[in-house]
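Novice: Sending over a structure as structure tokens; questions will come in a sec.
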Amino acid sequence: MNHFIEFPESDDVSDLAKYINRALKMDPEGGVRLRAYGDVLTVYVSPTYSLKLAETAPVILGLRTLALAKSAEFDVAYPISELAQLLNGDSVETEKNFSLINRLSKVTGQTLSSNTLSIPSTEYTVHWSNETPTRSGWELGGYFSQEELTAAATKGVAEVSAALPTSVGGPLAAKIRGEIWSKSIDYKFPIPAGAAFVAAGLGFLTEGEQVPWYLSGDWLRLSPAHGHVLSKFATDYVPIAG
């Protein structure tokens, strides 16, 4: 069974491709979750997460939402590399599993517009898809400047590079990355440094903007201009009494 995704504009397909390509660059072995409900498509990725070493990886989700021209209801996941190949139009291997506009048209004779994608159901799963952030109850916690978030991301990348010689890999490397990205941007705030890394790496930040952050239960959300980053509290955050 194929799910049809129809966007208001053909540029929306290119926008989705750019987002997925950025996520692929950050985590070539990662997954992507596409969830449609009504006229909204949510696209989740987790560039700091290790599918092989789940217990050491912080759950930090990048989220883009896109408007749909027609309502749809589905929840599917794919290897991010395959979805990127699909959207970039350069995949031979994924042709067996995915259907783009021209491929579907050739097989069925059905003509689809350039703002429509057709994707199949799949048994592929990503472990972090079990972590579903709340959709309501968010309260404003404060603001970070774009400069602060960019600096936090840059600092974290430098710490990872310094802590990981090229000979280190596997569980130890994953553990070190997880510890660094789970620490707070600033001890006064619960936002983990990995959230800044994800926001910067996925191209969510705009120069000079003030980025609000929100909290709801045990979830936090950064909401810059071009997307959202959802995470759990930083591991070293200690609330200041009074």
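Chains: A, B, ... in order of the structure tokens. Residues: from 1 per chain. Ligands: from 1, in order shown.
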Excluding Gly38 (chain A) and any residue of its chain fewer than 2 positions from it, enumerate the residues within 7 Å of it, using only C-alpha atoms, and give them as an mmCIF file with C-alpha atoms, in the first residue's frame.

Specialist:
```cif
data_model
loop_
_atom_site.group_PDB
_atom_site.id
_atom_site.type_symbol
_atom_site.label_atom_id
_atom_site.label_comp_id
_atom_site.auth_asym_id
_atom_site.auth_seq_id
_atom_site.Cartn_x
_atom_site.Cartn_y
_atom_site.Cartn_z
ATOM 1 C CA ALA A 36 0.810 12.605 8.704
ATOM 2 C CA VAL A 40 0.102 18.341 8.497
ATOM 3 C CA SER A 71 -5.433 15.286 4.348
ATOM 4 C CA ALA A 72 -3.579 12.048 5.063
ATOM 5 C CA GLU A 73 -3.158 9.620 7.954
#
```

Novice: Just the strand (DSSP E or B) stuff from region 35-235 of chain A, please, per backbone DSSP, written as number ranges by chain.

Specialist: A: 35-45, 60-79, 99, 116-120, 139-145, 184, 192, 210-216, 219-222, 228-231

Novice: Filtering to C-alpha atoms, could you give me those residues as a compact mmCIF listing (two decimals), in the first residue's frame?

Specialist:
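Okay, this is what ended up in part15.txt:
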```txt
# COMPACT_ATOMS: atom_id res chain seq x y z
CA ARG A 35 3.83 11.07 10.42
CA ALA A 36 0.81 12.61 8.70
CA TYR A 37 -2.36 13.61 10.47
CA GLY A 38 -4.91 15.79 8.78
CA ASP A 39 -3.29 18.50 6.71
CA VAL A 40 0.10 18.34 8.50
CA LEU A 41 3.16 16.18 7.79
CA THR A 42 5.70 15.90 10.61
CA VAL A 43 9.20 14.72 9.74
CA TYR A 44 11.37 13.56 12.66
CA VAL A 45 15.09 12.78 12.65
CA ILE A 60 17.20 14.68 20.65
CA LEU A 61 14.75 15.03 17.80
CA GLY A 62 14.78 17.40 14.87
CA LEU A 63 11.30 18.20 13.59
CA ARG A 64 10.05 19.88 10.45
CA THR A 65 6.35 20.32 9.80
CA LEU A 66 4.96 20.77 6.31
CA ALA A 67 1.44 21.64 5.20
CA LEU A 68 -0.39 19.11 3.06
CA ALA A 69 -2.71 20.00 0.22
CA LYS A 70 -4.83 16.94 0.98
CA SER A 71 -5.43 15.29 4.35
CA ALA A 72 -3.58 12.05 5.06
CA GLU A 73 -3.16 9.62 7.95
CA PHE A 74 -0.06 7.43 8.30
CA ASP A 75 3.03 6.86 10.44
CA VAL A 76 6.03 5.26 8.71
CA ALA A 77 9.81 5.19 9.08
CA TYR A 78 12.67 4.67 6.61
CA PRO A 79 16.47 4.56 6.59
CA SER A 99 7.84 5.23 -5.98
CA THR A 116 3.08 14.85 -5.03
CA LEU A 117 5.09 11.95 -3.59
CA SER A 118 4.05 8.33 -3.28
CA ILE A 119 5.74 6.25 -0.60
CA PRO A 120 5.04 2.66 0.47
CA GLU A 139 5.12 26.75 28.51
CA LEU A 140 7.67 29.37 27.51
CA GLY A 141 10.92 28.94 29.44
CA GLY A 142 12.98 31.73 27.90
CA TYR A 143 15.12 32.63 24.91
CA PHE A 144 18.54 31.90 23.48
CA SER A 145 20.19 34.05 20.85
CA SER A 184 23.54 21.49 29.38
CA PRO A 192 21.25 19.93 26.36
CA GLN A 210 16.06 35.08 19.31
CA VAL A 211 15.07 31.44 19.75
CA PRO A 212 12.35 30.61 22.28
CA TRP A 213 12.47 27.42 24.32
CA TYR A 214 9.54 25.70 25.94
CA LEU A 215 8.92 22.88 28.39
CA SER A 216 6.11 20.40 28.90
CA TRP A 219 10.25 17.38 27.30
CA LEU A 220 11.96 20.57 26.12
CA ARG A 221 11.59 22.30 22.77
CA LEU A 222 13.73 24.82 20.93
CA HIS A 228 11.93 22.50 16.14
CA VAL A 229 14.31 20.50 18.33
CA LEU A 230 12.80 18.33 21.06
CA SER A 231 14.80 16.75 23.86
```

Novice: According to DSSP computed on the backbone, where in region 23-217 of chain A is there alpha helix (DSSP H)? Give the residues as a ChimeraX atom specification.

Specialist: /A:23-26,80-88,101-108,146-163,170-182,193-201

Novice: Figure out the distance between CA of Met26 (chain A) and CA of Ile180 (chain A), please, to one decimal in Å.

Specialist: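 These atoms are spaced 15.9 Å apart.
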
Novice: Calculated over only C-alpha atoms, which of the candidates A:Phe233, A:Trp138, A:Tyr124, A:Phe189 has the smallest distance to Gly30 (chain A)?

Specialist: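 Smallest distance to Gly30 (chain A) is found for A:Tyr124.
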
Novice: Taking 2 positions as the minimum chain separation for residues in the same chain, which residues sit within 6 Å of Asn115 (chain A) when counting only C-alpha atoms? Answer as a VMD selection string.

Specialist: chain A and resid 6 to 7 9 to 10 113

Novice: Store the residues picked out above, limited to N, CA and C atoms, as a CSV table (one decimal), in the first residue's frame.

Specialist:
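The new file selection23.csv reads:
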```
chain,number,residue,atom,x,y,z
A,6,GLU,N,0.6,14.9,-0.9
A,6,GLU,CA,0.5,16.0,-1.8
A,6,GLU,C,0.7,17.4,-1.1
A,7,PHE,N,1.7,18.1,-1.6
A,7,PHE,CA,2.0,19.4,-1.0
A,7,PHE,C,1.4,20.5,-1.7
A,9,GLU,N,2.8,23.2,-2.8
A,9,GLU,CA,3.7,23.7,-3.8
A,9,GLU,C,4.8,22.7,-4.1
A,10,SER,N,5.3,22.6,-5.4
A,10,SER,CA,6.4,21.7,-5.7
A,10,SER,C,7.7,22.0,-5.0
A,113,SER,N,1.1,15.3,-10.1
A,113,SER,CA,1.7,16.6,-10.2
A,113,SER,C,3.1,16.6,-9.5
```

Novice: Restricting the calculation to only C-alpha atoms, which member of A:Leu16, A:Ala153, A:Val238, A:Leu202 is positioned closest to Trp181 (chain A)?

Specialist: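 The answer is A:Ala153, which sits nearest to Trp181 (chain A).
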
Novice: Tell me, in Å to one decimal, how far CA of Pro28 (chain A) is from CA of Gly201 (chain A).

Specialist: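 It comes out at 13.3 Å.
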
Novice: Using only C-alpha atoms, can you tell me which of A:Thr154, A:Ser129, A:Ser161, A:Asn21 comes closest to Leu86 (chain A)?

Specialist: A:Asn21

Novice: If I take CA of Gly31 (chain A) and CA of Ile80 (chain A), how far is one from the other in Å, to one decimal?

Specialist: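 Between CA of Gly31 (chain A) and CA of Ile80 (chain A) the gap is 4.6 Å.
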
Novice: Which one of A:Val59, A:Val126, A:Val160, A:Val198 sits closest to Tyr19 (chain A) if you count only C-alpha atoms?

Specialist: A:Val198

Novice: Would you please work out which residue, of A:Ser121, A:Ser46, A:Asn2, A:Ser81, is nearest to Ala195 (chain A) when using only C-alpha atoms?

Specialist: A:Ser46
